file coords24.csv (CSV, C-alpha atoms)
chain,number,residue,atom,x,y,z
P,13,MET,CA,28.3,35.4,28.6
P,14,SER,CA,27.5,32.3,30.5
P,15,VAL,CA,29.0,28.8,29.7
P,16,GLU,CA,25.5,27.7,28.6
P,17,ASP,CA,25.2,30.7,26.2
P,18,LYS,CA,28.6,29.8,24.7
P,19,HIS,CA,27.2,26.5,23.6
P,20,LYS,CA,24.1,28.0,22.0
P,21,PRO,CA,24.7,28.7,18.2
P,22,GLN,CA,24.3,32.3,17.1
P,23,ARG,CA,21.3,33.3,15.1
P,24,ASN,CA,22.9,32.6,11.7
P,25,ASP,CA,24.8,29.4,12.9
P,26,ARG,CA,23.4,26.0,12.3
P,27,ALA,CA,23.4,23.7,15.4
P,28,THR,CA,25.5,20.6,15.0
P,29,ILE,CA,25.7,17.3,16.8
P,30,ARG,CA,28.7,18.7,18.7
P,31,THR,CA,26.8,21.7,20.0
P,32,VAL,CA,23.9,19.5,21.0
P,33,ALA,CA,26.3,17.2,22.9
P,34,ALA,CA,27.9,20.2,24.6
P,35,HIS,CA,24.6,21.8,25.5
P,36,ALA,CA,23.3,18.5,27.0
P,37,GLY,CA,26.6,17.8,28.8
P,38,VAL,CA,27.0,14.4,27.1
P,39,SER,CA,29.3,12.9,24.5
P,40,VAL,CA,28.8,13.1,20.7
P,41,ALA,CA,28.4,9.3,20.7
P,42,ALA,CA,25.6,9.6,23.3
P,43,VAL,CA,23.7,12.0,21.0
P,44,SER,CA,24.3,9.7,18.1
P,45,LYS,CA,22.8,6.8,20.0
P,46,VAL,CA,19.7,8.8,20.9
P,47,MET,CA,19.3,9.9,17.3
P,48,ARG,CA,19.6,6.3,16.1
P,49,ASN,CA,17.2,5.1,18.7
P,50,ALA,CA,19.9,2.6,19.7
P,51,TYR,CA,19.2,-0.2,22.2
P,52,GLY,CA,20.1,0.5,25.8
P,53,VAL,CA,19.7,4.3,25.8
P,54,SER,CA,18.3,5.4,29.2
P,55,GLU,CA,15.2,7.6,29.4
P,56,ALA,CA,17.2,10.2,31.4
P,57,LEU,CA,19.8,10.4,28.6
P,58,ARG,CA,17.1,10.5,25.9
P,59,ALA,CA,15.2,13.3,27.7
P,60,LYS,CA,18.4,15.3,28.2
P,61,VAL,CA,19.4,15.0,24.5
P,62,THR,CA,15.9,15.6,23.2
P,63,GLU,CA,15.6,18.8,25.3
P,64,ALA,CA,18.9,20.1,23.9
P,65,ILE,CA,17.8,19.3,20.4
P,66,GLY,CA,14.6,21.2,20.9
P,67,GLU,CA,16.3,24.2,22.5
P,68,LEU,CA,18.9,24.5,19.8
P,69,GLY,CA,16.6,23.7,16.8
P,70,TYR,CA,19.0,21.0,15.7
P,71,ARG,CA,18.2,19.4,12.3
P,72,PRO,CA,20.6,16.6,11.2
P,73,SER,CA,22.1,16.9,7.8
P,74,ARG,CA,20.7,14.1,5.7
P,75,ALA,CA,23.5,14.6,3.1
P,76,ALA,CA,26.1,14.1,5.8
P,77,ARG,CA,24.3,11.1,7.1
P,78,GLY,CA,24.2,9.6,3.6
P,79,LEU,CA,28.0,10.1,3.4
P,80,ARG,CA,28.4,8.2,6.7
P,81,GLY,CA,26.3,5.4,5.3
P,82,GLN,CA,22.8,6.1,6.6
P,83,SER,CA,20.3,8.9,5.8
P,84,PHE,CA,17.4,7.7,8.0
P,85,THR,CA,15.2,8.1,4.9
P,86,ILE,CA,12.9,5.5,3.5
P,87,GLY,CA,11.6,5.7,-0.1
P,88,VAL,CA,8.0,4.7,-0.7
P,89,LEU,CA,7.1,4.1,-4.4
P,90,LEU,CA,3.5,4.2,-5.5
P,91,ILE,CA,2.3,3.2,-8.9
P,92,ASP,CA,-1.3,4.5,-9.2
P,93,ILE,CA,-2.0,7.3,-6.7
P,94,ARG,CA,-5.7,7.4,-7.8
P,95,ASN,CA,-6.3,4.2,-5.9
P,96,PRO,CA,-8.2,5.0,-2.6
P,97,PHE,CA,-6.5,2.1,-0.9
P,98,LEU,CA,-3.1,3.8,-0.9
P,99,PRO,CA,-3.7,6.5,1.9
P,100,ASP,CA,-4.2,3.6,4.4
P,101,VAL,CA,-0.9,2.0,3.4
P,102,ILE,CA,0.9,5.3,3.7
P,103,ALA,CA,-0.7,6.0,7.1
P,104,GLY,CA,0.6,2.6,8.3
P,105,VAL,CA,4.1,3.4,7.1
P,106,ASN,CA,4.1,6.8,8.8
P,107,GLY,CA,2.6,5.3,12.0
P,108,VAL,CA,5.6,3.0,12.4
P,109,LEU,CA,8.1,5.7,11.4
P,110,ALA,CA,6.7,8.4,13.7
P,111,PRO,CA,8.5,7.3,16.9
P,112,SER,CA,11.7,6.5,15.1
P,113,HIS,CA,14.2,8.8,13.4
P,114,TYR,CA,13.3,7.6,9.9
P,115,GLN,CA,11.3,9.7,7.5
P,116,ALA,CA,9.4,8.6,4.4
P,117,MET,CA,9.9,10.2,1.0
P,118,ILE,CA,7.2,9.3,-1.5
P,119,GLY,CA,7.7,8.8,-5.3
P,120,VAL,CA,4.8,8.4,-7.7
P,121,SER,CA,5.0,6.4,-10.9
P,122,ASP,CA,2.3,5.8,-13.5
P,123,ALA,CA,2.8,2.1,-14.3
P,124,ARG,CA,5.5,2.7,-16.8
P,125,VAL,CA,8.4,0.4,-16.3
P,126,GLN,CA,11.0,3.0,-17.5
P,127,LEU,CA,9.7,5.6,-15.0
P,128,GLU,CA,9.5,3.1,-12.2
P,129,THR,CA,13.1,2.1,-12.8
P,130,SER,CA,14.2,5.7,-12.9
P,131,LEU,CA,12.5,6.5,-9.6
P,132,ILE,CA,14.1,3.5,-7.9
P,133,GLU,CA,17.5,4.5,-9.2
P,134,SER,CA,17.0,8.1,-8.0
P,135,MET,CA,16.1,6.9,-4.5
P,136,ILE,CA,19.2,4.7,-4.4
P,137,ASP,CA,21.3,7.7,-5.6
P,138,TYR,CA,19.9,9.8,-2.8
P,139,LYS,CA,21.2,7.3,-0.4
P,140,MET,CA,17.9,6.2,1.0
P,141,ASP,CA,18.3,3.4,3.6
P,142,GLY,CA,15.5,1.2,2.2
P,143,LEU,CA,12.6,1.1,-0.2
P,144,ILE,CA,8.9,0.1,0.1
P,145,LEU,CA,7.5,-0.6,-3.3
P,146,VAL,CA,3.7,-0.7,-3.5
P,147,ALA,CA,2.5,-2.9,-6.4
P,148,PRO,CA,5.6,-2.6,-8.5
P,149,ARG,CA,5.4,-3.7,-12.2
P,150,LEU,CA,9.1,-4.7,-12.6
P,151,PRO,CA,10.1,-8.3,-13.0
P,152,SER,CA,11.4,-10.1,-9.9
P,153,GLU,CA,14.9,-10.4,-11.4
P,154,ILE,CA,15.1,-6.6,-11.8
P,155,LEU,CA,13.9,-6.0,-8.3
P,156,ALA,CA,16.5,-8.5,-7.0
P,157,LYS,CA,19.3,-6.6,-8.7
P,158,PHE,CA,18.1,-3.4,-7.0
P,159,ALA,CA,17.8,-5.3,-3.7
P,160,VAL,CA,21.6,-6.0,-3.8
P,161,GLN,CA,22.1,-2.2,-3.6
P,162,VAL,CA,19.4,-1.3,-1.0
P,163,PRO,CA,17.0,-3.2,1.2
P,164,ILE,CA,13.6,-3.6,-0.5
P,165,VAL,CA,10.1,-4.7,0.8
P,166,THR,CA,7.2,-5.0,-1.7
P,167,VAL,CA,3.5,-4.7,-1.0
P,168,GLY,CA,1.0,-6.1,-3.5
P,169,TYR,CA,3.6,-8.3,-5.2
P,170,HIS,CA,3.1,-12.1,-4.9
P,171,ASP,CA,6.5,-13.6,-5.4
P,172,ALA,CA,7.1,-16.1,-2.5
P,173,SER,CA,10.2,-17.4,-4.2
P,174,ALA,CA,12.1,-14.1,-4.0
P,175,THR,CA,15.2,-14.3,-1.8
P,176,ALA,CA,16.6,-10.8,-2.2
P,177,PHE,CA,13.6,-8.9,-1.0
P,178,ASP,CA,10.5,-9.3,1.2
P,179,THR,CA,6.9,-9.5,0.1
P,180,ILE,CA,4.0,-8.3,2.3
P,181,ASN,CA,0.5,-9.1,1.0
P,182,ALA,CA,-3.0,-9.8,1.9
P,183,ASP,CA,-4.0,-13.3,0.6
P,184,ASP,CA,-5.6,-12.0,-2.6
P,185,GLN,CA,-6.7,-15.4,-3.8
P,186,ARG,CA,-8.5,-16.0,-0.5
P,187,GLY,CA,-10.0,-12.5,-0.6
P,188,ALA,CA,-11.6,-13.2,-4.0
P,189,GLU,CA,-12.9,-16.6,-2.7
P,190,ILE,CA,-14.5,-14.9,0.3
P,191,ALA,CA,-16.3,-12.5,-2.1
P,192,VAL,CA,-17.7,-15.3,-4.2
P,193,GLU,CA,-18.6,-17.3,-1.1
P,194,ALA,CA,-20.5,-14.3,0.3
P,195,LEU,CA,-22.5,-14.0,-3.0
P,196,PHE,CA,-23.3,-17.7,-2.9
P,197,ALA,CA,-24.5,-17.4,0.7
P,198,CYS,CA,-26.9,-14.6,-0.4
P,199,GLY,CA,-28.3,-16.9,-3.1
P,200,TYR,CA,-26.5,-15.6,-6.1
P,201,ARG,CA,-25.4,-18.1,-8.7
P,202,ASP,CA,-25.0,-15.8,-11.8
P,203,ILE,CA,-21.8,-14.1,-10.8
P,204,GLY,CA,-19.2,-12.2,-12.9
P,205,MET,CA,-15.9,-10.4,-12.2
P,206,LEU,CA,-14.6,-7.1,-13.4
P,207,SER,CA,-10.8,-7.1,-13.7
P,208,LEU,CA,-8.1,-5.2,-15.5
P,209,GLY,CA,-7.0,-5.9,-19.0
P,210,GLU,CA,-4.2,-8.4,-19.7
P,211,ARG,CA,-1.6,-5.7,-20.2
P,212,GLU,CA,-2.4,-4.1,-16.8
P,213,GLY,CA,-1.3,-7.0,-14.6
P,214,HIS,CA,1.4,-9.6,-14.4
P,215,ALA,CA,1.6,-13.1,-12.9
P,216,VAL,CA,2.5,-11.8,-9.4
P,217,SER,CA,0.1,-8.9,-9.3
P,218,VAL,CA,-2.9,-8.6,-7.0
P,219,VAL,CA,-5.1,-8.4,-10.1
P,220,ARG,CA,-4.1,-11.9,-11.4
P,221,GLN,CA,-4.2,-13.4,-7.9
P,222,ARG,CA,-7.8,-12.2,-7.4
P,223,GLU,CA,-8.7,-13.7,-10.7
P,224,ILE,CA,-7.2,-17.1,-9.6
P,225,GLY,CA,-9.2,-17.0,-6.4
P,226,PHE,CA,-12.4,-16.0,-8.3
P,227,ARG,CA,-12.1,-18.9,-10.8
P,228,ARG,CA,-11.3,-21.4,-8.0
P,229,ALA,CA,-14.3,-20.4,-5.9
P,230,MET,CA,-16.6,-20.4,-8.9
P,231,GLN,CA,-15.5,-23.9,-9.9
P,232,ARG,CA,-15.8,-25.2,-6.4
P,233,GLY,CA,-19.4,-23.9,-6.4
P,234,GLY,CA,-20.1,-25.7,-9.7
P,235,LEU,CA,-20.2,-22.5,-11.7
P,236,GLY,CA,-18.2,-20.8,-14.4
P,237,SER,CA,-16.2,-23.0,-16.8
P,238,PRO,CA,-14.6,-20.7,-17.8
P,239,ALA,CA,-15.5,-18.2,-15.1
P,240,PRO,CA,-17.0,-15.0,-16.6
P,241,ILE,CA,-14.3,-12.3,-16.2
P,242,VAL,CA,-14.7,-8.9,-18.0
P,243,LYS,CA,-11.5,-7.1,-18.6
P,244,ILE,CA,-11.5,-3.3,-18.5
P,245,PRO,CA,-8.7,-1.0,-19.7
P,246,MET,CA,-6.8,1.3,-17.4
P,247,ALA,CA,-7.4,4.6,-19.1
P,248,SER,CA,-10.6,6.7,-19.4
P,249,PRO,CA,-12.9,7.0,-21.2
P,250,LYS,CA,-12.5,3.4,-22.5
P,251,ARG,CA,-12.7,2.3,-18.9
P,252,GLU,CA,-16.1,3.7,-18.4
P,253,ASP,CA,-17.2,2.6,-21.9
P,254,VAL,CA,-16.5,-1.0,-21.1
P,255,MET,CA,-18.5,-0.7,-17.8
P,256,ARG,CA,-21.5,0.8,-19.5
P,257,LYS,CA,-21.5,-2.0,-22.0
P,258,PHE,CA,-21.3,-4.5,-19.2
P,259,LEU,CA,-24.3,-2.8,-17.4
P,260,SER,CA,-26.4,-2.7,-20.6
P,261,ARG,CA,-25.9,-6.4,-21.5
P,262,LYS,CA,-29.1,-8.5,-21.6
P,263,ASP,CA,-27.1,-11.4,-20.2
P,264,ARG,CA,-25.5,-9.3,-17.5
P,265,PRO,CA,-24.7,-11.4,-14.4
P,266,ARG,CA,-26.9,-10.9,-11.3
P,267,ALA,CA,-23.9,-10.2,-9.2
P,268,VAL,CA,-20.4,-8.9,-9.8
P,269,PHE,CA,-17.1,-9.0,-7.9
P,270,CYS,CA,-14.8,-6.0,-8.8
P,271,TRP,CA,-11.0,-6.4,-8.5
P,272,SER,CA,-10.8,-3.0,-6.6
P,273,ASP,CA,-13.0,-0.4,-5.0
P,274,LEU,CA,-11.5,2.0,-7.6
P,275,ASP,CA,-13.6,0.4,-10.3
P,276,ALA,CA,-16.5,-0.8,-8.1
P,277,ILE,CA,-17.3,2.7,-7.0
P,278,THR,CA,-17.2,3.9,-10.7
P,279,LEU,CA,-19.5,1.0,-11.5
P,280,LEU,CA,-22.0,2.0,-8.8
P,281,SER,CA,-22.0,5.6,-10.2
P,282,LEU,CA,-22.7,4.4,-13.7
P,283,ALA,CA,-25.4,2.0,-12.5
P,284,MET,CA,-27.2,4.8,-10.9
P,285,GLU,CA,-26.8,6.9,-14.0
P,286,MET,CA,-28.2,4.1,-16.2
P,287,GLY,CA,-31.1,3.1,-13.9
P,288,VAL,CA,-29.6,-0.2,-12.7
P,289,ARG,CA,-30.6,-0.7,-9.1
P,290,VAL,CA,-28.0,-2.0,-6.6
P,291,PRO,CA,-28.5,-4.5,-5.2
P,292,GLU,CA,-32.0,-5.3,-6.6
P,293,ASP,CA,-30.7,-5.6,-10.2
P,294,LEU,CA,-27.0,-6.0,-9.5
P,295,ALA,CA,-25.2,-7.0,-6.3
P,296,VAL,CA,-21.6,-5.6,-6.1
P,297,ILE,CA,-18.6,-6.4,-4.0
P,298,GLY,CA,-15.4,-4.4,-4.2
P,299,TYR,CA,-11.9,-5.0,-2.9
P,300,ASP,CA,-9.8,-2.8,-0.4
P,301,ASN,CA,-12.6,-1.5,1.9
P,302,SER,CA,-11.4,2.0,1.2
P,303,THR,CA,-12.8,5.0,3.2
P,304,THR,CA,-14.8,6.0,0.2
P,305,ALA,CA,-16.6,2.6,0.1
P,306,ALA,CA,-17.8,3.2,3.7
P,307,LEU,CA,-19.5,6.5,2.8
P,308,GLY,CA,-23.3,6.4,3.3
P,309,LEU,CA,-24.0,7.4,-0.3
P,310,VAL,CA,-21.7,4.7,-1.6
P,311,ASN,CA,-22.3,1.8,0.8
P,312,LEU,CA,-20.1,-0.6,-1.0
P,313,ALA,CA,-19.6,-4.1,0.3
P,314,SER,CA,-15.8,-4.8,0.1
P,315,ILE,CA,-13.0,-7.1,1.0
P,316,ASP,CA,-10.9,-5.6,3.7
P,317,GLN,CA,-7.2,-6.2,3.4
P,318,SER,CA,-6.3,-3.7,6.1
P,319,GLY,CA,-4.0,-1.3,4.1
P,320,ARG,CA,-2.8,0.4,7.3
P,321,GLU,CA,-1.7,-3.0,8.7
P,322,LEU,CA,0.1,-3.9,5.5
P,323,GLY,CA,1.9,-0.6,5.6
P,324,GLN,CA,2.9,-1.2,9.3
P,325,VAL,CA,4.1,-4.8,8.7
P,326,ALA,CA,6.1,-3.7,5.5
P,327,THR,CA,7.8,-0.9,7.4
P,328,ARG,CA,8.8,-3.1,10.3
P,329,ALA,CA,10.1,-5.6,7.9
P,330,LEU,CA,12.2,-3.0,6.1
P,331,ILE,CA,13.7,-1.6,9.3
P,332,SER,CA,14.7,-5.1,10.2
P,333,ARG,CA,16.3,-5.5,6.8
P,334,ILE,CA,18.2,-2.2,7.2
P,335,GLU,CA,19.4,-3.4,10.6
P,336,GLY,CA,21.0,-6.5,9.1
P,337,ARG,CA,18.4,-9.2,8.5
P,338,THR,CA,19.2,-11.1,5.2
P,339,ALA,CA,16.7,-14.0,5.1
P,340,ALA,CA,13.6,-13.2,3.0
P,341,GLU,CA,10.2,-12.9,4.6
P,342,HIS,CA,7.0,-13.5,2.8
P,343,ILE,CA,4.0,-12.5,4.9
P,344,LEU,CA,0.3,-13.2,3.9
P,345,GLN,CA,-2.5,-11.6,5.9
P,346,ILE,CA,-6.0,-13.0,5.8
P,347,PRO,CA,-8.6,-10.5,4.4
P,348,SER,CA,-12.3,-10.3,5.5
P,349,LEU,CA,-15.6,-9.1,4.1
P,350,VAL,CA,-17.3,-5.9,5.2
P,351,SER,CA,-20.9,-6.3,4.1
P,352,ARG,CA,-22.9,-3.2,3.1
P,353,ASN,CA,-25.9,-2.3,1.0
P,354,SER,CA,-24.5,-3.1,-2.4
P,355,LEU,CA,-24.5,-6.8,-1.4
P,356,ILE,CA,-27.7,-6.9,0.7
P,357,GLY,CA,-30.0,-3.9,0.6
P,358,SER,CA,-32.1,-2.7,3.5
P,359,GLU,CA,-35.2,-4.4,2.3
P,360,ASP,CA,-33.4,-7.6,1.7
P,361,LYS,CA,-32.0,-7.4,5.2
P,362,LYS,CA,-35.5,-7.2,6.6
P,363,GLN,CA,-36.6,-10.3,4.7
P,364,ARG,CA,-33.6,-12.4,5.7
call {"tool": "encode", "arguments": {"input": "coords24.csv", "output": "structure tokens"}}
result
Amino acid sequence: MSVEDKHKPQRNDRATIRTVAAHAGVSVAAVSKVMRNAYGVSEALRAKVTEAIGELGYRPSRAARGLRGQSFTIGVLLIDIRNPFLPDVIAGVNGVLAPSHYQAMIGVSDARVQLETSLIESMIDYKMDGLILVAPRLPSEILAKFAVQVPIVTVGYHDASATAFDTINADDQRGAEIAVEALFACGYRDIGMLSLGEREGHAVSVVRQREIGFRRAMQRGGLGSPAPIVKIPMASPKREDVMRKFLSRKDRPRAVFCWSDLDAITLLSLAMEMGVRVPEDLAVIGYDNSTTAALGLVNLASIDQSGRELGQVATRALISRIEGRTAAEHILQIPSLVSRNSLIGSEDKKQR
């Protein structure tokens, strides 16, 4: 048996960091540096260790890593997986993690505080190195207590006063203003908003931030005192019932801004079912610029907050937290409008 064969684990043996080091002809510390993507590792050393890992089929024990203080696992908590905006955020997270040695583990809640708390506690118990919370419902003081135990970055949570955790957001107030300004520019003056019911959002949520921006833009344009906001419940079929009532109103606004593509797309479907023409009878702007909004049969104008970029920025922020940064970061990205046929139809485009 050759020296090289001695270092290869037998069929039923699991490769360890020591066998990888021996196979590559380097120290255990060198392998550890490569695994951690540490600064100063040469390409030659990285290539040698990576080749050994591939040949031996080495998979580090996450349990052992956790006992040593780092598991190289990041928890991502999602509240409402139905939202078509979320896949872009996850793609952004995975895009940043791909060249690193971190992996994401996703937990899904359903907007219940008790379940959300339980999932965060489980992620901490599993020794995850940090958490990305997308649109959490918990109060800031509760998140701050968790942030003492594990680095936390939130997305879709507007608390710029937080010191224990970071917030990464699109400027949701400005996004709503952009939507109203676009409707003004198209000549609409009778404008409403579809938002979530009072129990479905809190002061720092994207829902309430978009309402603030909507009201401000309407008042600035000399309209809406108070601005017409229709609140819709979270659960079906009440959700669709409220939308049908809105569409059948004799005093229905000529244009509507929806807090999310999630409901804007449903509104378009119901409008077609009820014979309400879009945009001839009702112009619609959504929020998120989801992939579904861009489909030819949907063609929904929408505010683009670049979910992929939010996921990327949040992940980079979390990694820097894990690596020792303590000062809080509160990042706001500026959204933009993607205009499609629900705002200006093909015939309207020809006339303009």
call {"tool": "atom_distance", "arguments": {"input": "coords24.csv", "atom1": "atom CA of Leu235 of chain P", "atom2": "atom CA of Ile203 of chain P"}}
result
8.6 Å
call {"tool": "closest_residue", "arguments": {"input": "coords24.csv", "among": "P:Ile356, P:Ala172, P:Ala191, P:Leu57", "to": "Arg227 of chain P", "atoms": "all atoms listed in the file"}}
result
P:Ala191
call {"tool": "atom_distance", "arguments": {"input": "coords24.csv", "atom1": "atom CA of Ile118 of chain P", "atom2": "atom CA of Gly187 of chain P"}}
result
27.8 Å
call {"tool": "closest_atom_pairs", "arguments": {"input": "coords24.csv", "of": "segment 188-297 of chain P", "to": "segment 311-332 of chain P", "cutoff": "9 Å", "atoms": "only C-alpha atoms", "output": "CSV"}}
result
residue,atom,partner,partner_atom,distance
P:Ala188,CA,P:Ile315,CA,8.0
P:Ile190,CA,P:Ile315,CA,8.0
P:Ala191,CA,P:Ile315,CA,7.0
P:Ser272,CA,P:Ser314,CA,8.6
P:Asp273,CA,P:Ser314,CA,7.3
P:Ala276,CA,P:Leu312,CA,8.0
P:Ile277,CA,P:Leu312,CA,7.4
P:Leu280,CA,P:Leu312,CA,8.4
P:Val296,CA,P:Ala313,CA,6.9
P:Ile297,CA,P:Ala313,CA,5.0
call {"tool": "closest_residue", "arguments": {"input": "coords24.csv", "among": "P:Arg228, P:Arg222, P:Arg264, P:His214", "to": "Gln185 of chain P", "atoms": "all atoms listed in the file"}}
result
P:Arg222
call {"tool": "closest_residue", "arguments": {"input": "coords24.csv", "among": "P:Pro245, P:Pro96, P:Pro163, P:Pro291", "to": "Ile334 of chain P", "atoms": "all atoms listed in the file"}}
result
P:Pro163
call {"tool": "residues_around", "arguments": {"input": "coords24.csv", "residues": "Pro265 of chain P", "least_positions_apart": "3", "cutoff": "12 Å", "atoms": "all atoms listed in the file", "output": "PDB file with C-alpha atoms, in the coordinates of the input"}}
result
ATOM      1  CA  LEU P 195     -22.500 -14.000  -3.000  1.00  0.00           C
ATOM      2  CA  TYR P 200     -26.500 -15.600  -6.100  1.00  0.00           C
ATOM      3  CA  ARG P 201     -25.400 -18.100  -8.700  1.00  0.00           C
ATOM      4  CA  ASP P 202     -25.000 -15.800 -11.800  1.00  0.00           C
ATOM      5  CA  ILE P 203     -21.800 -14.100 -10.800  1.00  0.00           C
ATOM      6  CA  GLY P 204     -19.200 -12.200 -12.900  1.00  0.00           C
ATOM      7  CA  MET P 205     -15.900 -10.400 -12.200  1.00  0.00           C
ATOM      8  CA  LEU P 206     -14.600  -7.100 -13.400  1.00  0.00           C
ATOM      9  CA  GLY P 236     -18.200 -20.800 -14.400  1.00  0.00           C
ATOM     10  CA  ALA P 239     -15.500 -18.200 -15.100  1.00  0.00           C
ATOM     11  CA  PRO P 240     -17.000 -15.000 -16.600  1.00  0.00           C
ATOM     12  CA  ILE P 241     -14.300 -12.300 -16.200  1.00  0.00           C
ATOM     13  CA  VAL P 242     -14.700  -8.900 -18.000  1.00  0.00           C
ATOM     14  CA  PHE P 258     -21.300  -4.500 -19.200  1.00  0.00           C
ATOM     15  CA  LEU P 259     -24.300  -2.800 -17.400  1.00  0.00           C
ATOM     16  CA  SER P 260     -26.400  -2.700 -20.600  1.00  0.00           C
ATOM     17  CA  ARG P 261     -25.900  -6.400 -21.500  1.00  0.00           C
ATOM     18  CA  LYS P 262     -29.100  -8.500 -21.600  1.00  0.00           C
ATOM     19  CA  VAL P 268     -20.400  -8.900  -9.800  1.00  0.00           C
ATOM     20  CA  PHE P 269     -17.100  -9.000  -7.900  1.00  0.00           C
ATOM     21  CA  ASP P 293     -30.700  -5.600 -10.200  1.00  0.00           C
ATOM     22  CA  LEU P 294     -27.000  -6.000  -9.500  1.00  0.00           C
ATOM     23  CA  ALA P 295     -25.200  -7.000  -6.300  1.00  0.00           C
ATOM     24  CA  VAL P 296     -21.600  -5.600  -6.100  1.00  0.00           C
TER      25      VAL P 296
END
call {"tool": "atom_distance", "arguments": {"input": "coords24.csv", "atom1": "atom CA of Glu55 of chain P", "atom2": "atom CA of Ser112 of chain P"}}
result
14.8 Å
call {"tool": "residues_near_point", "arguments": {"input": "coords24.csv", "point": "(17.2, 9.0, -2.3)", "cutoff": "12 Å", "atoms": "only C-alpha atoms", "output": "PyMOL selection string"}}
result
chain P and resi 74-75+77-78+82-89+115-119+130-143+162
